[in-house]
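Chemist: Take a look at start21.cif, mmCIF, C-alpha atoms and all ligand atoms:
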```
data_start
loop_
_atom_site.label_atom_id
_atom_site.label_comp_id
_atom_site.auth_asym_id
_atom_site.auth_seq_id
_atom_site.Cartn_x
_atom_site.Cartn_y
_atom_site.Cartn_z
CA MET A 1 -0.87 -1.40 -16.85
CA ILE A 2 -4.56 -0.82 -16.21
CA GLY A 3 -5.10 2.77 -15.07
CA HIS A 4 -2.89 5.85 -15.27
CA GLY A 5 -3.55 8.15 -12.33
CA PHE A 6 -1.18 8.93 -9.46
CA MET A 7 -0.30 5.24 -8.96
CA GLY A 8 0.00 4.82 -12.72
CA ALA A 9 2.70 7.47 -12.74
CA ALA A 10 4.50 5.90 -9.75
CA HIS A 11 4.33 2.37 -11.16
CA SER A 12 5.51 3.57 -14.59
CA GLN A 13 8.57 5.10 -12.90
CA GLY A 14 9.21 1.78 -11.17
CA TRP A 15 8.93 -0.27 -14.39
CA ARG A 16 11.10 2.17 -16.33
CA VAL A 17 13.90 2.55 -13.76
CA ALA A 18 14.15 -0.88 -12.05
CA PRO A 19 15.78 -2.71 -15.02
CA ARG A 20 18.48 -0.06 -15.11
CA PHE A 21 19.53 -0.52 -11.47
CA PHE A 22 18.77 -4.17 -10.69
CA GLU A 23 20.05 -7.26 -12.54
CA LEU A 24 16.68 -8.76 -13.48
CA GLU A 25 16.38 -12.25 -15.01
CA ALA A 26 13.55 -10.99 -17.22
CA ASN A 27 13.26 -7.58 -18.86
CA PRO A 28 9.99 -5.74 -18.21
CA VAL A 29 8.65 -4.16 -21.43
CA MET A 30 6.22 -1.27 -20.92
CA GLN A 31 3.93 -2.37 -23.75
CA LEU A 32 0.33 -1.26 -23.09
CA VAL A 33 -1.44 1.19 -20.79
CA VAL A 34 -5.24 1.13 -20.56
CA GLY A 35 -7.59 3.95 -19.56
CA ARG A 36 -11.21 4.93 -20.10
CA SER A 37 -10.53 8.00 -22.24
CA ALA A 38 -8.63 7.37 -25.50
CA GLY A 39 -7.07 10.82 -25.58
CA ALA A 40 -6.01 10.85 -21.93
CA VAL A 41 -4.52 7.34 -22.02
CA ALA A 42 -2.67 8.09 -25.27
CA ASP A 43 -1.15 11.13 -23.54
CA ALA A 44 -0.26 8.94 -20.55
CA ALA A 45 1.43 6.39 -22.82
CA GLU A 46 3.51 9.17 -24.35
CA LYS A 47 4.34 10.77 -21.01
CA TRP A 48 5.10 7.65 -18.96
CA GLY A 49 6.79 5.57 -21.72
CA TRP A 50 4.25 2.91 -22.74
CA ALA A 51 4.44 1.63 -26.36
CA GLU A 52 0.68 1.45 -26.86
CA SER A 53 -2.59 2.58 -25.26
CA ALA A 54 -6.12 1.18 -25.28
CA THR A 55 -9.49 1.83 -23.65
CA ASP A 56 -10.60 -1.76 -22.91
CA TRP A 57 -8.60 -3.69 -20.27
CA ARG A 58 -9.86 -6.96 -21.73
CA GLU A 59 -7.56 -6.33 -24.73
CA ALA A 60 -4.57 -6.70 -22.39
CA ILE A 61 -5.98 -9.97 -21.04
CA GLU A 62 -6.54 -11.43 -24.52
CA ARG A 63 -3.13 -10.61 -26.01
CA ASP A 64 -0.53 -13.40 -26.00
CA ASP A 65 2.35 -10.92 -26.00
CA ILE A 66 1.30 -9.53 -22.58
CA ASP A 67 2.68 -11.54 -19.62
CA VAL A 68 1.97 -9.23 -16.67
CA ILE A 69 -1.04 -7.08 -15.69
CA ASP A 70 -0.35 -4.18 -13.33
CA ILE A 71 -3.63 -2.92 -11.79
CA VAL A 72 -3.57 0.70 -10.62
CA THR A 73 -7.30 1.48 -10.87
CA PRO A 74 -9.67 2.34 -7.98
CA GLY A 75 -10.57 -0.64 -5.79
CA ASP A 76 -13.98 -1.26 -7.37
CA SER A 77 -12.37 -2.86 -10.46
CA HIS A 78 -9.54 -4.84 -8.82
CA ALA A 79 -11.40 -8.14 -8.49
CA GLU A 80 -12.81 -8.34 -12.01
CA ILE A 81 -9.51 -7.43 -13.68
CA ALA A 82 -7.22 -9.50 -11.42
CA ILE A 83 -9.32 -12.67 -11.62
CA ALA A 84 -9.62 -12.44 -15.42
CA ALA A 85 -5.87 -11.80 -15.75
CA LEU A 86 -4.88 -14.72 -13.49
CA GLU A 87 -7.26 -17.09 -15.26
CA ALA A 88 -5.69 -15.97 -18.57
CA GLY A 89 -2.26 -16.93 -17.21
CA LYS A 90 -1.00 -13.39 -16.61
CA HIS A 91 1.03 -12.53 -13.52
CA VAL A 92 -0.67 -9.72 -11.56
CA LEU A 93 0.57 -6.79 -9.48
CA CYS A 94 -2.44 -5.09 -7.85
CA GLU A 95 -2.42 -1.82 -5.89
CA LYS A 96 -3.78 -1.67 -2.35
CA PRO A 97 -6.23 -2.19 -0.87
CA LEU A 98 -6.72 -5.57 -2.52
CA ALA A 99 -10.45 -4.99 -3.00
CA ASN A 100 -13.44 -3.05 -1.66
CA THR A 101 -14.99 -5.98 0.22
CA VAL A 102 -13.90 -9.20 1.91
CA ASP A 103 -16.00 -11.21 -0.54
CA GLU A 104 -14.12 -9.70 -3.50
CA ALA A 105 -10.80 -10.24 -1.71
CA MET A 106 -11.68 -13.89 -1.07
CA ALA A 107 -12.43 -14.44 -4.76
CA MET A 108 -9.11 -12.79 -5.70
CA ALA A 109 -7.17 -14.88 -3.18
CA ASP A 110 -8.80 -18.06 -4.49
CA ALA A 111 -7.94 -17.14 -8.09
CA ALA A 112 -4.35 -16.38 -7.02
CA THR A 113 -4.03 -19.75 -5.25
CA ARG A 114 -5.26 -21.57 -8.35
CA ALA A 115 -2.95 -19.56 -10.61
CA ALA A 116 0.11 -20.13 -8.39
CA ALA A 117 -0.35 -23.87 -8.89
CA ARG A 118 0.26 -23.11 -12.59
CA GLY A 119 3.31 -20.92 -11.90
CA VAL A 120 1.32 -17.70 -12.39
CA PHE A 121 1.82 -15.27 -9.48
CA ALA A 122 -0.07 -12.38 -7.90
CA MET A 123 1.40 -9.68 -5.66
CA LEU A 124 -0.31 -6.90 -3.72
CA GLY A 125 1.36 -3.49 -4.01
CA HIS A 126 2.11 -2.44 -0.43
CA THR A 127 5.09 -0.41 -1.63
CA TYR A 128 6.08 1.06 1.74
CA ARG A 129 7.43 -2.37 2.78
CA ARG A 130 10.11 -1.70 0.17
CA VAL A 131 11.40 1.52 1.61
CA PRO A 132 14.81 0.26 2.84
CA ALA A 133 14.27 1.58 6.39
CA ALA A 134 10.97 -0.34 6.65
CA THR A 135 12.51 -3.63 5.56
CA PHE A 136 15.49 -2.93 7.85
CA ALA A 137 13.04 -2.37 10.73
CA ARG A 138 11.53 -5.78 10.00
CA ASP A 139 15.01 -7.31 9.98
CA LEU A 140 15.90 -5.76 13.36
CA VAL A 141 12.72 -7.17 14.97
CA ALA A 142 13.28 -10.58 13.37
CA ALA A 143 16.88 -10.60 14.67
CA GLY A 144 15.56 -10.05 18.21
CA ARG A 145 17.15 -6.60 18.62
CA LEU A 146 13.96 -5.32 20.29
CA GLY A 147 13.48 -8.41 22.44
CA ASP A 148 9.86 -9.20 23.31
CA ILE A 149 7.46 -6.82 21.59
CA HIS A 150 5.26 -4.94 24.11
CA GLN A 151 3.41 -2.33 22.04
CA VAL A 152 2.84 -1.00 18.50
CA ARG A 153 1.87 2.54 17.56
CA ALA A 154 0.94 3.26 13.93
CA SER A 155 -0.48 6.36 12.30
CA TYR A 156 -0.99 7.65 8.81
CA GLN A 157 -1.90 11.34 8.76
CA GLN A 158 -2.76 13.45 5.72
CA ASP A 159 -4.65 16.72 5.38
CA TRP A 160 -5.81 16.95 1.75
CA LEU A 161 -9.51 16.95 2.69
CA THR A 162 -9.62 19.69 5.34
CA ASP A 163 -10.98 22.21 2.75
CA PRO A 164 -14.80 21.80 2.32
CA ALA A 165 -14.37 22.95 -1.28
CA THR A 166 -12.38 19.81 -2.12
CA PRO A 167 -14.83 17.97 -4.38
CA LEU A 168 -16.42 14.55 -4.10
CA VAL A 169 -13.61 12.57 -5.74
CA TRP A 170 -13.79 8.78 -6.14
CA ARG A 171 -11.88 8.20 -2.88
CA LEU A 172 -14.89 9.72 -1.05
CA GLN A 173 -17.45 7.42 -2.63
CA LYS A 174 -17.96 3.99 -1.04
CA GLU A 175 -19.00 2.33 -4.30
CA HIS A 176 -15.61 3.21 -5.82
CA ALA A 177 -13.23 3.22 -2.85
CA GLY A 178 -14.80 0.72 -0.46
CA SER A 179 -13.98 2.92 2.51
CA GLY A 180 -12.23 6.22 3.19
CA ALA A 181 -9.10 6.83 5.24
CA LEU A 182 -9.58 3.33 6.72
CA GLY A 183 -8.90 1.39 3.51
CA ASP A 184 -6.91 3.97 1.59
CA ILE A 185 -4.25 4.73 4.21
CA GLY A 186 -5.28 2.52 7.13
CA ALA A 187 -4.48 -0.50 4.95
CA HIS A 188 -0.88 0.71 4.76
CA ILE A 189 -0.36 0.89 8.54
CA ILE A 190 -2.09 -2.44 9.09
CA ASP A 191 0.16 -4.13 6.52
CA LEU A 192 3.33 -2.33 7.59
CA SER A 193 2.88 -2.93 11.35
CA GLN A 194 2.26 -6.63 10.64
CA PHE A 195 5.22 -6.78 8.22
CA ILE A 196 7.67 -5.12 10.65
CA THR A 197 6.60 -7.09 13.73
CA GLY A 198 5.79 -10.42 12.06
CA MET A 199 2.55 -10.46 14.08
CA ARG A 200 -1.02 -10.52 12.73
CA LEU A 201 -3.98 -8.58 14.14
CA ALA A 202 -6.53 -10.90 15.78
CA SER A 203 -9.16 -8.41 17.00
CA VAL A 204 -9.93 -4.68 16.81
CA SER A 205 -12.07 -1.99 18.43
CA GLY A 206 -12.64 0.97 16.16
CA THR A 207 -14.40 4.26 15.49
CA LEU A 208 -14.95 5.77 12.05
CA GLU A 209 -15.87 9.43 11.59
CA THR A 210 -16.89 11.54 8.60
CA ILE A 211 -16.04 15.16 9.40
CA ILE A 212 -17.38 16.86 6.25
CA ALA A 213 -20.50 14.99 5.12
CA ARG A 214 -21.30 16.80 1.84
CA ARG A 215 -18.97 18.10 -0.85
CA PRO A 216 -19.20 19.75 -4.32
CA ILE A 217 -20.00 17.15 -6.96
CA LEU A 218 -17.14 16.74 -9.44
CA HIS A 219 -18.19 17.19 -13.07
CA SER A 220 -14.89 16.34 -14.81
CA SER A 221 -13.38 12.86 -14.53
CA SER A 222 -10.21 14.32 -13.02
CA GLY A 223 -8.57 12.76 -10.00
CA LEU A 224 -7.57 14.42 -6.74
CA GLY A 225 -7.16 17.87 -8.23
CA GLY A 226 -10.50 18.45 -9.96
CA THR A 227 -12.89 21.32 -9.11
CA GLY A 228 -16.55 20.79 -8.20
CA GLY A 229 -19.67 22.72 -9.04
CA THR A 230 -22.17 24.23 -6.59
CA GLU A 231 -24.31 21.09 -6.25
CA LEU A 232 -23.35 19.07 -3.15
CA GLY A 233 -23.25 15.28 -2.80
CA ASP A 234 -22.92 12.91 0.15
CA VAL A 235 -19.53 11.68 1.30
CA THR A 236 -20.18 7.97 1.89
CA VAL A 237 -16.88 6.99 3.53
CA ASP A 238 -14.90 7.80 6.69
CA ASP A 239 -12.51 10.75 6.97
CA VAL A 240 -10.92 9.42 10.16
CA ALA A 241 -10.39 5.84 11.40
CA LEU A 242 -9.16 5.28 14.96
CA PHE A 243 -8.77 1.76 16.28
CA THR A 244 -7.09 -0.37 18.89
CA GLY A 245 -5.83 -3.76 17.79
CA ARG A 246 -4.75 -6.88 19.63
CA PHE A 247 -2.22 -8.99 17.70
CA ASP A 248 -2.19 -12.77 17.72
CA SER A 249 0.70 -12.54 20.23
CA GLY A 250 -1.57 -10.68 22.65
CA VAL A 251 0.33 -7.41 22.07
CA LEU A 252 -1.79 -4.24 21.82
CA GLY A 253 -1.47 -1.72 19.01
CA ILE A 254 -2.98 1.73 18.50
CA PHE A 255 -3.83 2.94 14.98
CA GLU A 256 -4.87 6.26 13.43
CA ALA A 257 -5.67 6.90 9.76
CA THR A 258 -6.85 10.41 9.00
CA ARG A 259 -7.12 12.90 6.16
CA PHE A 260 -7.80 15.80 8.57
CA ALA A 261 -4.46 16.08 10.37
CA THR A 262 -3.89 19.68 9.31
CA GLY A 263 -0.27 20.16 8.30
CA ARG A 264 0.54 16.46 8.01
CA LYS A 265 1.01 15.73 4.30
CA ASN A 266 1.94 12.06 4.07
CA ALA A 267 2.94 11.24 7.63
CA LEU A 268 3.06 7.48 7.99
CA ARG A 269 4.71 6.41 11.24
CA VAL A 270 5.15 2.99 12.87
CA GLU A 271 6.78 2.67 16.32
CA VAL A 272 7.49 -0.68 17.97
CA SER A 273 8.40 -0.94 21.68
CA GLY A 274 10.17 -4.01 23.05
CA SER A 275 11.96 -5.37 26.09
CA LYS A 276 15.43 -4.73 24.62
CA GLY A 277 14.72 -1.63 22.58
CA ALA A 278 12.44 0.24 20.24
CA LEU A 279 12.28 1.55 16.70
CA ALA A 280 10.31 4.20 14.85
CA PHE A 281 9.86 4.45 11.05
CA ASP A 282 8.68 7.81 9.65
CA LEU A 283 7.85 8.01 5.93
CA GLU A 284 8.45 11.78 5.95
CA ASP A 285 12.07 10.93 6.94
CA LEU A 286 12.28 7.72 4.95
CA ASN A 287 16.06 7.43 4.65
CA SER A 288 16.51 6.93 8.39
CA LEU A 289 15.23 4.74 11.21
CA GLN A 290 15.01 5.77 14.86
CA PHE A 291 16.47 2.97 16.99
CA TYR A 292 16.72 2.71 20.78
CA ASP A 293 19.00 0.02 22.23
CA ALA A 294 18.02 -0.60 25.84
CA THR A 295 20.90 -3.03 26.31
CA VAL A 296 23.69 -0.44 26.19
CA ASP A 297 25.02 1.31 29.31
CA ALA A 298 22.36 3.65 30.72
CA THR A 299 24.67 6.64 30.30
CA LEU A 300 24.77 6.00 26.56
CA GLN A 301 21.07 5.23 25.96
CA GLY A 302 18.96 7.32 23.60
CA PHE A 303 17.17 7.05 20.28
CA THR A 304 19.77 6.99 17.53
CA LYS A 305 18.96 8.07 13.97
CA ILE A 306 20.32 5.29 11.75
CA LEU A 307 20.96 6.52 8.22
CA VAL A 308 19.65 3.59 6.17
CA THR A 309 21.83 4.20 3.11
CA GLU A 310 24.67 1.71 3.55
CA PRO A 311 25.16 -0.95 0.83
CA GLU A 312 24.48 -3.54 3.54
CA HIS A 313 20.96 -2.12 4.03
CA PRO A 314 18.06 -3.57 2.00
CA TYR A 315 17.99 -2.57 -1.71
CA ILE A 316 20.64 0.18 -1.25
CA ALA A 317 23.52 -1.63 -3.05
CA ALA A 318 21.65 -1.21 -6.35
CA TRP A 319 21.33 2.55 -5.91
CA TRP A 320 23.76 5.17 -4.62
CA PRO A 321 26.76 5.34 -2.26
CA ALA A 322 26.10 5.88 1.47
CA GLY A 323 24.39 9.15 2.34
CA HIS A 324 23.06 9.91 -1.14
CA MET A 325 19.43 9.18 -0.16
CA LEU A 326 16.46 7.54 -1.89
CA GLY A 327 12.96 8.94 -2.40
CA TYR A 328 9.33 7.85 -2.48
CA GLU A 329 9.68 6.66 -6.09
CA HIS A 330 12.55 4.21 -5.40
CA ALA A 331 10.24 1.93 -3.43
CA PHE A 332 8.31 1.34 -6.66
CA SER A 333 11.48 0.17 -8.43
CA ASN A 334 12.35 -2.02 -5.43
CA GLN A 335 8.83 -3.46 -5.72
CA VAL A 336 9.35 -4.23 -9.44
CA LYS A 337 12.62 -5.97 -8.58
CA ASP A 338 10.99 -8.20 -5.97
CA PHE A 339 8.00 -8.94 -8.22
CA VAL A 340 10.14 -9.84 -11.27
CA ASP A 341 12.56 -11.88 -9.13
CA ALA A 342 9.63 -13.88 -7.72
CA ILE A 343 8.23 -14.56 -11.19
CA THR A 344 11.57 -15.61 -12.69
CA SER A 345 12.44 -17.80 -9.68
CA GLY A 346 8.95 -19.35 -9.55
CA THR A 347 8.29 -18.29 -5.95
CA GLN A 348 5.25 -16.59 -4.43
CA PRO A 349 5.82 -12.80 -4.19
CA THR A 350 4.84 -11.04 -0.96
CA PRO A 351 2.54 -9.56 0.03
CA SER A 352 0.33 -12.19 -1.56
CA PHE A 353 -3.40 -11.87 -2.20
CA ASP A 354 -3.87 -14.00 0.93
CA ASP A 355 -1.98 -11.30 2.84
CA GLY A 356 -4.28 -8.75 1.23
CA LEU A 357 -7.35 -10.77 2.21
CA GLN A 358 -6.21 -10.71 5.85
CA VAL A 359 -5.81 -6.90 5.70
CA GLN A 360 -9.27 -6.68 4.10
CA ARG A 361 -10.67 -8.67 7.06
CA VAL A 362 -9.07 -6.23 9.47
CA LEU A 363 -10.65 -3.31 7.57
CA ALA A 364 -14.05 -5.03 7.66
CA ALA A 365 -13.68 -5.77 11.38
CA VAL A 366 -12.90 -2.11 12.13
CA GLU A 367 -15.96 -1.06 10.11
CA SER A 368 -18.14 -3.65 11.86
CA SER A 369 -16.80 -2.60 15.27
CA SER A 370 -17.53 1.05 14.52
CA HIS A 371 -21.14 0.12 13.64
CA ASN A 372 -21.43 -1.75 16.97
CA GLY A 373 -20.40 0.82 19.51
CA SER A 374 -16.67 0.13 18.98
CA ALA A 375 -17.15 -3.40 20.34
CA TRP A 376 -14.07 -5.62 20.13
CA THR A 377 -14.42 -7.57 16.89
CA ALA A 378 -12.44 -10.70 16.00
CA ILE A 379 -10.67 -11.12 12.67
CA THR A 380 -11.44 -14.69 11.69
CA HIS A 381 -10.98 -16.70 8.51
CA GLU A 382 -14.74 -16.75 8.22
CA SER A 383 -15.38 -13.05 8.88
CA GLY A 384 -17.00 -11.61 5.80
CA SER A 385 -17.86 -8.07 4.77
CA PRO A 386 -19.67 -6.02 7.44
CA SER A 387 -23.46 -6.22 7.21
C1 LIG A 401 -4.19 9.15 -1.06
O1 LIG A 401 -4.59 9.06 0.25
C2 LIG A 401 -2.92 8.35 -1.29
O2 LIG A 401 -2.55 8.54 -2.62
C3 LIG A 401 -3.14 6.85 -1.07
O3 LIG A 401 -4.12 6.35 -1.98
C4 LIG A 401 -1.82 6.11 -1.26
O4 LIG A 401 -1.98 4.70 -1.03
C5 LIG A 401 -0.81 6.66 -0.29
O5 LIG A 401 0.43 5.99 -0.43
C6 LIG A 401 -0.61 8.14 -0.52
O6 LIG A 401 -1.90 8.82 -0.40
#
```
Go through the file and emit its structure as C-alpha cells.
Modeler:
Amino acid sequence: MIGHGFMGAAHSQGWRVAPRFFELEANPVMQLVVGRSAGAVADAAEKWGWAESATDWREAIERDDIDVIDIVTPGDSHAEIAIAALEAGKHVLCEKPLANTVDEAMAMADAATRAAARGVFAMLGHTYRRVPAATFARDLVAAGRLGDIHQVRASYQQDWLTDPATPLVWRLQKEHAGSGALGDIGAHIIDLSQFITGMRLASVSGTLETIIARRPILHSSSGLGGTGGTELGDVTVDDVALFTGRFDSGVLGIFEATRFATGRKNALRVEVSGSKGALAFDLEDLNSLQFYDATVDATLQGFTKILVTEPEHPYIAAWWPAGHMLGYEHAFSNQVKDFVDAITSGTQPTPSFDDGLQVQRVLAAVESSSHNGSAWTAITHESGSPS
C-alpha cells in the first residue's frame, strides 16, 4: 500500500477484515506500506498491521514477492505509481479520483488496457458503490422497478472547511489535488449516479466557487487535522461545485458538491425518479434505501424505508444477520472481495480505469464550463484537460 493517511487506514481495515468474512480464492497478505517519513510509516505499519514499511514506492514495484499495489496517495502521484506498477505486472487498486488531469487519466487507462491483455488488472476505488444499499439501488433500476428514468438528483455535502482557520491542506492545492470539492467529492456522485442508473453523462453546465480564498499555510506535513501559522496562502481549488448534467439517455441530473454545507458532515445523497417509482440513497443512513413504488394502489403509496440487511441483499450474507447493520468501513472489505475475486477469476474489476477516465472527463468538462460562463460542455472521448 502506497500512502497511509485516512484512506490508508480505511483500506488497511478492508484488507485485514475481508479474508475473514469472504471466501477468497487468494489470500491478501499485508506485506509493505510505503510513506515519505520513515518514522511515521513504521508507526502506520505497526498500527494498521503491515509486515514491513519503506519510504520509496519503487521498492514495492521492484519486489517479486509483491503482487498488488494499493494506491492511497493524493491524486498528483496516482499516474506515475499506477503506470509503473502495471508495467511491472502488479495488479493495481487506486483511490479516486483516478488522476488530477484527463491527460494523466488517459495514460493510466492505456496502461491498464495493455496490462489487462497480460492478465494484470486495475480497479478504481469508488468504494460507495459497495455499500449494499447502493448496489441494491443499481439492481432495482436495472430490474426496471423505476420504469423509465426521468430525473437524477445527486449531492455530496460536507462542512469541514467552513472555519477560515482550517489550514491550507493538500486538498486545497490544485497541484496536489487537481481540483477541490469537484474532484474530491463530486467524483463520487458522478460515479455513483452513473453506476445506479446505468447512464453516462454526455454534457454538463457548471459553476465552481471558492468561498475562502486564503488560508493559514500548514507547516507540518499532517493531513486534515494540522494547524497553520499566521502566514496565509492562496486556495487554488473550488470549495463548491454546482452543475447540471444531461445523460446519454437525454435525462437531466442536478449535482452539488460542497465543503461549506454547515452541519452536513458526509452527506452523500443520490435520488432517481422514474415512471414507475423512485429511490433515494443517503450515505448518512447507509443501511437503508428509500423506495417509492408508483405501481401500488394510490391509497398505499409512499416512500418506504427498505432495511438493506437481508442475506439476499448485496454483500450482506458474508456479514451479520438481518438488522445488525454495516458501517462505512465494510464497503472497503466488500471492495477487497470484488477486487480479489476479479483477479483470481481473470476478469476486469469495476470501476475500471476507463470508467475513471470518463469521470475525469466529466470533471474537466465542469471546470471548462465554469471558465466559460457555465456554457453547456460536451464530454467527448477527445475532450482533454481544460485549458
Ligand atoms: C474528504 O473530502 C473525504 O475524505 C474524501 O476525500 C473522500 O473521498 C470521501 O469519501 C470522504 O471525504
Chemist: Please identify all polymer residues lying at most 9 Å from the point (5.8, -13.8, -11.4) (file coordinates), using all atoms listed in the file, and present the result as a VMD selection string.
Modeler: chain A and resid 68 90 to 93 119 to 123 339 to 349
Chemist: Between atom CA of Pro216 of chain A and atom CA of Asp163 of chain A, measure the distance and give it in Å to one decimal.
Modeler: 11.1 Å
Chemist: For atom CA of Gly125 of chain A and atom CA of Pro97 of chain A, determine how far apart the two atoms are, in Å to one decimal place.
Modeler: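 Atom-to-atom, atom CA of Gly125 of chain A to atom CA of Pro97 of chain A, that is 8.3 Å.
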Chemist: Around ligand LIG 401 (chain A), at most 10 Å away and counting only C-alpha atoms and all ligand atoms, which residues are there? Put them as a VMD selection string, please.
Modeler: chain A and resid 5 to 7 74 95 to 97 125 to 128 156 to 161 171 177 180 to 188 224 257 to 259 265 to 268 283 328
Chemist: Quick one: distance from atom CA of Met325 of chain A to atom CA of Val17 of chain A in Å, one decimal?
Modeler: 16.1 Å
Chemist: Using only C-alpha atoms for the distances, tell me which of A:Leu252, A:Val240, A:Ile196, A:Ala79 is nearest to Pro132 of chain A.
Modeler: A:Ile196
Chemist: A:Lys276, A:Val131, A:Asp70, A:Thr377: which is nearest Ser333 of chain A, counting only C-alpha atoms?
Modeler: A:Val131
Chemist: Calculated over all atoms listed in the file, which of the candidates A:Gly233, A:Asn100, A:Phe22, A:Phe136 has the smallest distance to Val359 of chain A?
Modeler: A:Asn100
Chemist: Which residues are near Asp139 of chain A? Cut-off 10 Å, all atoms listed in the file, ignore same chain within fewer than 4 positions. Put them as a list in words.
Modeler: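 Here the answer would be Ala133, Ala134, Thr135, Ala143, Gly144, Arg145, Phe195, Ile196, Thr197, Gly198, His313 and Pro314 of chain A.
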Chemist: Counting only C-alpha atoms, figure out which residue out of A:Trp15, A:Trp48, A:Phe303, A:Trp57 gets nearest to Ala280 of chain A.
Modeler: A:Phe303
Chemist: Find, counting all atoms listed in the file, the residue in A:Val34, A:Val204, A:Gly274, A:Ala85 that gets nearest to Ser370 of chain A.
Modeler: A:Val204
Chemist: I need the residue nearest Val235 of chain A from this list: A:Thr299, A:Ser203, A:Thr166, A:Ser193. Use only C-alpha atoms for the distance.
Modeler: A:Thr166
Chemist: Using all atoms listed in the file, determine which residues lie at most 10 Å from Pro311 of chain A, disregarding the query and same-chain residues fewer than 4 positions distant; provide the list as a ChimeraX atom specification.
Modeler: /A:315-322
Chemist: Excluding Gly323 of chain A and its own-chain neighbours fewer than 4 positions away, which residues fall within 9 Å of it when counting only C-alpha atoms? Please give them as a list in words.
Modeler: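 Returned residues: Asn287, Leu307, Val308, Thr309 and Glu310 of chain A.
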Chemist: Which polymer residues have any atom within 10 Å of an atom of Ile217 of chain A, counting only C-alpha atoms, with same-chain residues fewer than 3 positions away left out, as a list in words?
Modeler: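 Residues near the query, excluding close chain neighbours: Ala165, Thr166, Pro167, Leu168, Val169, Arg214, Ser220, Thr227, Gly228, Gly229, Thr230, Glu231, Leu232, Gly233, Asp234 and Val235 of chain A.
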Chemist: So that I can check the surroundings of Leu32 of chain A, please list as a PyMOL selection string every protein, DNA and RNA residue that reaches within 8 Å of it, counting only C-alpha atoms and ignoring chain neighbours fewer than 3 positions away.
Modeler: chain A and resi 1+45+50-54+60
Chemist: Can you write just those residues out, C-alpha atoms, as a compact mmCIF listing (two decimals), in the frame of the given file?
Modeler:
```txt
# COMPACT_ATOMS: atom_id res chain seq x y z
CA MET A 1 -0.87 -1.40 -16.85
CA ALA A 45 1.43 6.39 -22.82
CA TRP A 50 4.25 2.91 -22.74
CA ALA A 51 4.44 1.63 -26.36
CA GLU A 52 0.68 1.45 -26.86
CA SER A 53 -2.59 2.58 -25.26
CA ALA A 54 -6.12 1.18 -25.28
CA ALA A 60 -4.57 -6.70 -22.39
```
Chemist: Taking all listed atoms of segment 269-283 of chain A, build the axis-aligned box, pad each of the six sides by 6 Å, then write its centre and edge lengths in Å to one decimal as AutoDock Vina command-line options.
Modeler:
```
--center_x 10.1 --center_y 1.3 --center_z 16.0 --size_x 22.7 --size_y 25.4 --size_z 32.2
```
Chemist: Quick one: segment 64-76 of chain A with N, CA and C atoms, as a CSV table (one decimal), in the frame of the given file?
Modeler:
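New file rebuild.csv:
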```csv
chain,number,residue,atom,x,y,z
A,64,ASP,N,-1.5,-12.4,-26.4
A,64,ASP,CA,-0.5,-13.4,-26.0
A,64,ASP,C,0.8,-12.8,-25.7
A,65,ASP,N,1.0,-11.5,-26.2
A,65,ASP,CA,2.4,-10.9,-26.0
A,65,ASP,C,2.4,-10.2,-24.7
A,66,ILE,N,1.3,-10.2,-23.9
A,66,ILE,CA,1.3,-9.5,-22.6
A,66,ILE,C,1.4,-10.6,-21.5
A,67,ASP,N,2.4,-10.5,-20.6
A,67,ASP,CA,2.7,-11.5,-19.6
A,67,ASP,C,2.2,-11.1,-18.2
A,68,VAL,N,2.2,-9.8,-18.0
A,68,VAL,CA,2.0,-9.2,-16.7
A,68,VAL,C,0.9,-8.2,-16.8
A,69,ILE,N,0.0,-8.2,-15.8
A,69,ILE,CA,-1.0,-7.1,-15.7
A,69,ILE,C,-0.8,-6.3,-14.4
A,70,ASP,N,-0.6,-5.0,-14.5
A,70,ASP,CA,-0.4,-4.2,-13.3
A,70,ASP,C,-1.6,-3.3,-13.1
A,71,ILE,N,-2.3,-3.6,-12.0
A,71,ILE,CA,-3.6,-2.9,-11.8
A,71,ILE,C,-3.5,-1.7,-10.9
A,72,VAL,N,-3.7,-0.5,-11.4
A,72,VAL,CA,-3.6,0.7,-10.6
A,72,VAL,C,-4.9,1.5,-10.7
A,73,THR,N,-6.0,0.8,-10.8
A,73,THR,CA,-7.3,1.5,-10.9
A,73,THR,C,-7.9,1.6,-9.4
A,74,PRO,N,-9.0,2.3,-9.3
A,74,PRO,CA,-9.7,2.3,-8.0
A,74,PRO,C,-10.1,0.9,-7.6
A,75,GLY,N,-10.3,0.7,-6.3
A,75,GLY,CA,-10.6,-0.6,-5.8
A,75,GLY,C,-11.8,-1.4,-6.4
A,76,ASP,N,-12.7,-0.6,-6.9
A,76,ASP,CA,-14.0,-1.3,-7.4
A,76,ASP,C,-13.8,-2.1,-8.6
```
